[in-house]
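As structure tokens, the structure follows; a few thoughts come after it.
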Amino acid sequence: MIWLTWRQFRGQAVTAVAALALFAILLAVTHPELASLYATSGFAGCQGGSCGQPAGAFLSQLSNLTPFGGPQAFRLLPAGANLYVIVYTVGILFILIAPAITGVFWGAPLIARELETGTGRLAWNQSVTRARWLTIKLALTGAAAIAVTEGFSLLQAWWAAPISRAVDEGGSVSVFSGSRFSPLNFATGGIAPLGYAAFGFALGVTAGLLIRRVVPAMALTLAIFAGVQVVMPLWIRPHLLPTDQTTAAIAASRATLSDLGGATVLTASAVPGQPGAWIISSGAVNAAGQPVSTLPAACTPTAQSPSPGPGSGTAFQSDVQRCLAGHGIREAVSYQPASHYWPLQLTETGIFLALALGLAGFCFWWLDRRLA
Amino acid sequence: MIEFHLDSRSGVAPYLQLIHQVRQALRLGLLRKGDQLPKVKDVAAGLAINPNTVLKAYRELEYEGLAAARPGVGTFVTGTLDGGSLAAHGPLRTELLHWLAKARRAGMDDESIEALFASTFRSASEEDIA
Amino acid sequence: MTAVIEAEGLGKRYRKQWALSDCTLSVPAGHVVGLVGLNGAGKTTLLNLVTGMVAPTTGTIAVLGGRPAAGPGQLARVGYLAQDAPVYPGLSVAEHLKLGARLNPGWDDALARRRTDQLDLDPGRKAGKLSGGQRAQLGLTVALAKRPELLILDEPAASLDPLARREFLQDLMAAVAEEQVNIVLSSHLINDLERVCDYLIVLADSRVRIAGPVDELLAAHHLLSGPRRDEGRLPAGMQVISASHTDRQSTLLVRVSGPVLDPAWTVTAVGLEDLVLAYMKQAAGRGRRGNRHLEALT
């Protein structure tokens, strides 16, 4: 059974190994210059919590770097993009789509092809029970799917280690940005990809089993997987662990004003005393702690300064802030502290692994009871 | 060794056809005492028929004393077929020719002659049984 | 001798439709069993129940004394060649044999190789490039080399040209003669069944119409023709399967347990094809209502 699984999986394995190998080569070739830049910049030696400036400087240098001898070599690249930006983006992309690819191309056809082409009637009438057939197939192919995604994830983690450190310190240059909690970074960092890979694969196998046709099963797997990947960061992840609440001064929360459909909204971008926190929601509250739906007319930007010009942004923001503070208005923030990063990763991965196991269990039951 | 053939349209059961062909071969001298009959597997594979059918035919031949099975070796012819003593054939043939001439003079065509013979033969056989 | 297939009130329903209902069989060992019926009559469903590819909705079924697909041991005893001989197009002939060897502890590799040599199947050739007849031969090789006690074939010759079909049957009969394996073979080609089967099951409209050894079935059925007579006026013990009447003459296909003594009838033997067709027509005519279950002649 192990031989048969391998023999049927051979082609797909070759594709996966080739993709990983190409990615590894790309990273290996571009790593030396990245590493040397990191070592020679002031950022490597910087310790402690206030390395924000060296981090930013390192990232700027990196994004302006033209390796392998000058701009001539890279005239192909669009303006503003350099090799490191591209490699970094490619890596993120691979980690993001690998679970979908393995789910769609390895999971969906696993049972569906046997049913659609009728070869199941050959495979399941040898001396191997359907349960054993599925066990070996799921275990080996599923492990491969998880390994592929993890492979991309680990390669990227190794190559982009200096960049990740810089971004954590607050550096933000082009794509090298975003907190660890941003949807893209959270989904491609830590151990989350592992859970997605397992879930995507199990989802594909289940879809194939129920729909019994390869192409429709692939389409459904992709649709559901994409849907889950949208729903999770928007609605579920913020509440996986209980959020913390606090109320802070407008200035301390670095709140910014914006117009949302006619109403003026105050959005916090930092939590005082909680660096790296993930802000779930925020809004203005009055001295009694009740939400304020409209700001006092005296404090709106137009009242403060009739015609805001360029460069006056910071000045009048602080004017508005002082005015609001004078009215006793503060900012209430609901957030996940930075320390919740790993618990959230573990919880989310745990959920996806549990879903994967549940789907696998369903497949065992269905294959045994129903079939033809 | 003889070779069997099967007429799937004749309405006669395959095993009877096989027996008939063995008997015919014995009469014509194509099979003699001591000859081996084709192996069951070869007949079944050659004609695409059930081996049990061949076995049934061979068993019937054994029962009639015409063949005997030697386990592990095959089935061999052990008997001969007497169509009665050959001496009786001559006069019977002459009588038959006389009768046929009479029937023709009476105006009977081939089919009527065959029908008359068949029904008389059948009722005579039934009387024999009863 | 235990029955190879023992079914009691077996039925299978898919959504609202009964693919097989009220099936009671006791198929003896040592036969080549023919399962005949129109497409959609329930042949494949019955075979799927026998191999354990589906579970029954009602009733029970025991195959070689065990529950179908109950475990590796049961699976090893039953071989199956599905309709249109499924093979993996990307795997070569030799790899299919390897599949058999790896997935069957009872695999007889010598037998498999002997067959592929005799049948001129090139071991290196991809199965997707084989002709229909060759695919059937490959499928039969894989099913036989696992040394099953019972071999099930679902319409094995249906999509083959006449020459390939004859060669397949010849090959199958040689295997039966050599290996002493019980065979259940489904087909709608009655001529093929006549040559190779000595036990017959007729399925029509999802039910078993008649089942029994072929020579007993043929001995028990007669075609009666004679002056016009209504079916009600027939002696007891005679069951009419099909009847046709003109103003002067009646022709009946009947099933009786003894000889027909009424001199008014001309009695002739019934061929297997006519017998099967008569039961199928009876099923089509009477439909589901009032159709008594016909017990097997054993």
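Chain labels A, B, ... are given in the sequence in which chains occur in the structure tokens; within each chain residues are numbered consecutively from 1, and ligands are likewise numbered from 1 in the order shown.
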>> Can you pull out the residues contacting Pro72 (chain C)? Cut-off 8 Å, using only C-alpha atoms, and skip same-chain residues under 4 positions away; I want them as a PyMOL selection string.
In response: (chain A and resi 127-129) or (chain C and resi 76)
I'd like a table as CSV: residues in region 13-76 of chain C with an atom no more than 8 Å from region 137-160 of chain C, each row giving the shortest atom pair and its distance in Å to one decimal, only C-alpha atoms counted, sorted by chain and rising residue number.
```
residue,atom,partner,partner_atom,distance
C:Thr44,CA,C:Asp154,CA,6.7
C:Leu47,CA,C:Asp154,CA,7.4
C:Leu64,CA,C:Leu150,CA,7.9
C:Ala76,CA,C:Pro148,CA,6.2
```
Can I get the selection written as a CSV table (one decimal), in the first residue's frame, with C-alpha atoms?
```
chain,number,residue,atom,x,y,z
C,44,THR,CA,-24.3,-4.4,-10.7
C,47,LEU,CA,-22.5,-7.6,-7.3
C,64,LEU,CA,-18.4,-17.7,1.5
C,76,ALA,CA,-8.7,-12.0,-0.1
```
>> Which residues are near Thr80 (chain B)? Cut-off 8 Å, only C-alpha atoms, ignore same chain within fewer than 3 positions. Put them as a PyMOL selection string.
In response: chain B and resi 26-27+32-33+66
>> Residues of chain A were defined as contacting chain C if any atom lay at most 8 Å from it, counting only C-alpha atoms; please report them as a list of chain:residue names.
In response: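 So the contacting residues turn out to be A:Met1, A:Trp3, A:Leu4, A:Thr117, A:Gly118, A:Thr119, A:Arg121, A:Leu122, A:Asn125, A:Gln126, A:Ser127, A:Val128, A:Thr129, A:Arg369, A:Arg370, A:Leu371, A:Ala372.
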Select residues of chain B: the criterion is any atom within 10 Å of an atom of chain C, counting only C-alpha atoms; output as a PDB file with C-alpha atoms, in the first residue's frame.
```
ATOM      1  CA  LEU B   6     -20.336 -26.912 -30.898  1.00  0.00           C
ATOM      2  CA  SER B   8     -24.992 -23.266 -30.476  1.00  0.00           C
ATOM      3  CA  ARG B   9     -28.051 -22.987 -32.680  1.00  0.00           C
ATOM      4  CA  SER B  10     -29.027 -26.628 -32.735  1.00  0.00           C
ATOM      5  CA  GLY B  11     -31.041 -26.592 -29.527  1.00  0.00           C
ATOM      6  CA  VAL B  12     -29.255 -29.720 -28.397  1.00  0.00           C
ATOM      7  CA  ALA B  13     -27.542 -29.440 -25.028  1.00  0.00           C
ATOM      8  CA  PRO B  14     -23.772 -29.012 -25.365  1.00  0.00           C
ATOM      9  CA  LYS B  39      -8.411 -32.992 -21.799  1.00  0.00           C
ATOM     10  CA  VAL B  40     -11.308 -31.269 -20.058  1.00  0.00           C
ATOM     11  CA  LYS B  41      -9.377 -28.020 -19.799  1.00  0.00           C
ATOM     12  CA  ASP B  42      -8.535 -28.004 -23.495  1.00  0.00           C
ATOM     13  CA  VAL B  43     -12.127 -28.688 -24.544  1.00  0.00           C
ATOM     14  CA  ALA B  44     -13.470 -26.027 -22.189  1.00  0.00           C
ATOM     15  CA  ALA B  45     -10.914 -23.474 -23.354  1.00  0.00           C
ATOM     16  CA  GLY B  46     -11.218 -24.404 -27.004  1.00  0.00           C
ATOM     17  CA  LEU B  47     -14.997 -24.139 -27.167  1.00  0.00           C
ATOM     18  CA  ALA B  48     -15.425 -21.536 -24.412  1.00  0.00           C
ATOM     19  CA  ILE B  49     -17.767 -23.820 -22.493  1.00  0.00           C
ATOM     20  CA  ASN B  50     -18.088 -24.732 -18.862  1.00  0.00           C
ATOM     21  CA  PRO B  51     -15.662 -27.509 -17.824  1.00  0.00           C
ATOM     22  CA  ASN B  52     -18.537 -29.099 -15.915  1.00  0.00           C
ATOM     23  CA  THR B  53     -20.275 -29.623 -19.237  1.00  0.00           C
TER      24      THR B  53
END
```
> Near Ala3 (chain C), within 8 Å and counting only C-alpha atoms, which residues show up once chain neighbours fewer than 3 positions away are dropped, as a PyMOL selection string?
Replying inline: chain C and resi 6+26-29+63-65
Saved selection, atoms kept: N, CA and C atoms, as a PDB file, in the first residue's frame:
```
ATOM      1  N   GLU C   6     -25.234 -16.323   0.065  1.00  0.00           N
ATOM      2  CA  GLU C   6     -26.453 -16.603   0.808  1.00  0.00           C
ATOM      3  C   GLU C   6     -27.104 -15.259   1.110  1.00  0.00           C
ATOM      4  N   SER C  26     -29.611 -18.685  -2.669  1.00  0.00           N
ATOM      5  CA  SER C  26     -28.641 -19.567  -2.045  1.00  0.00           C
ATOM      6  C   SER C  26     -27.851 -20.205  -3.177  1.00  0.00           C
ATOM      7  N   VAL C  27     -26.759 -19.582  -3.531  1.00  0.00           N
ATOM      8  CA  VAL C  27     -26.006 -20.010  -4.704  1.00  0.00           C
ATOM      9  C   VAL C  27     -24.984 -21.061  -4.291  1.00  0.00           C
ATOM     10  N   PRO C  28     -25.078 -22.271  -4.845  1.00  0.00           N
ATOM     11  CA  PRO C  28     -24.164 -23.329  -4.415  1.00  0.00           C
ATOM     12  C   PRO C  28     -22.767 -23.155  -4.993  1.00  0.00           C
ATOM     13  N   ALA C  29     -21.829 -23.820  -4.357  1.00  0.00           N
ATOM     14  CA  ALA C  29     -20.439 -23.764  -4.824  1.00  0.00           C
ATOM     15  C   ALA C  29     -20.263 -24.687  -6.022  1.00  0.00           C
ATOM     16  N   VAL C  63     -21.190 -14.049   2.077  1.00  0.00           N
ATOM     17  CA  VAL C  63     -20.414 -14.508   0.937  1.00  0.00           C
ATOM     18  C   VAL C  63     -19.326 -15.437   1.452  1.00  0.00           C
ATOM     19  N   LEU C  64     -19.340 -16.685   0.985  1.00  0.00           N
ATOM     20  CA  LEU C  64     -18.417 -17.715   1.474  1.00  0.00           C
ATOM     21  C   LEU C  64     -18.496 -17.799   2.997  1.00  0.00           C
ATOM     22  N   GLY C  65     -19.681 -17.582   3.506  1.00  0.00           N
ATOM     23  CA  GLY C  65     -19.889 -17.689   4.935  1.00  0.00           C
ATOM     24  C   GLY C  65     -19.503 -16.450   5.724  1.00  0.00           C
TER      25      GLY C  65
END
```
>> Would you pick out the contacts of Leu31 (chain B) at 12 Å or less, using only C-alpha atoms, so that residues sharing its chain but fewer than 6 positions from it are not included, and give the list as number ranges by chain?
In response: B: 1-3, 21-25, 37-38, 66-67, 76-81
Would you export the selected residues with C-alpha atoms as a JSON list (two decimals), in the first residue's frame, please?
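part05.json, freshly written:
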```json
[["chain", "number", "residue", "atom", "x", "y", "z"],
["B", 1, "MET", "CA", -7.11, -37.12, -30.94],
["B", 2, "ILE", "CA", -10.51, -35.81, -32.02],
["B", 3, "GLU", "CA", -11.53, -32.20, -31.93],
["B", 21, "GLN", "CA", -19.53, -36.52, -31.48],
["B", 22, "VAL", "CA", -17.61, -39.16, -29.50],
["B", 23, "ARG", "CA", -20.08, -41.84, -30.52],
["B", 24, "GLN", "CA", -19.91, -40.70, -34.12],
["B", 25, "ALA", "CA", -16.13, -40.78, -34.03],
["B", 37, "LEU", "CA", -10.12, -38.07, -25.27],
["B", 38, "PRO", "CA", -9.14, -34.38, -25.25],
["B", 66, "LEU", "CA", -17.42, -46.20, -23.62],
["B", 67, "ALA", "CA", -14.71, -44.37, -21.67],
["B", 76, "PHE", "CA", -9.52, -42.89, -22.37],
["B", 77, "VAL", "CA", -11.77, -44.80, -24.76],
["B", 78, "THR", "CA", -12.57, -48.24, -23.40],
["B", 79, "GLY", "CA", -15.47, -49.44, -25.48],
["B", 80, "THR", "CA", -16.66, -49.71, -29.01],
["B", 81, "LEU", "CA", -19.93, -48.95, -30.60]]
```
>> What's the separation between CA of Leu241 (chain A) and CA of Gly350 (chain A), in Å to one decimal place?
In response: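 It comes out at 13.1 Å.
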> Which residue, A:Arg130, A:Arg213, A:Arg165, A:Lys137, has the smallest gap to Trp365 (chain A) when you use only C-alpha atoms?
Replying inline: A:Arg130
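Between CA of Leu30 (chain B) and CA of Glu60 (chain B) lies a distance of 19.6 Å.
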> So which bits of region 171-240 of chain C end up strand (DSSP E) when you DSSP the backbone, as a list in words?
Replying inline: Asn182, Ile183, Val184, Leu185, Ser186, Ser187, Tyr199, Leu200, Ile201, Val202, Leu203, Ala204, Arg207, Val208, Arg209, Ile210, Ala211, Gly212, Pro213, His221, His222, Leu223, Leu224, Ser225, Gly226, Pro227, Met238, Gln239 and Val240 of chain C
> From the set A:Ala187, A:Thr349, A:Val148, A:Ala98, which residue has the shortest atom-to-atom contact distance to Val14 (chain A), counting only C-alpha atoms?
Replying inline: A:Val148
Excluding Ala57 (chain B) and residues on its chain fewer than 6 positions from it, collect all residues at most 10 Å away from it, counting only C-alpha atoms, and give them as a compact mmCIF listing (two decimals) with C-alpha atoms, in the first residue's frame.
```txt
# COMPACT_ATOMS: atom_id res chain seq x y z
CA PRO B 14 -23.77 -29.01 -25.37
CA TYR B 15 -22.95 -32.09 -23.32
CA LEU B 16 -25.18 -34.19 -25.56
CA GLN B 17 -23.44 -32.78 -28.60
CA LEU B 18 -20.08 -33.83 -27.17
CA ILE B 19 -21.35 -37.34 -26.42
CA HIS B 20 -22.81 -37.56 -29.89
CA VAL B 22 -17.61 -39.16 -29.50
CA PRO B 51 -15.66 -27.51 -17.82
CA TYR B 63 -21.58 -44.73 -17.51
```
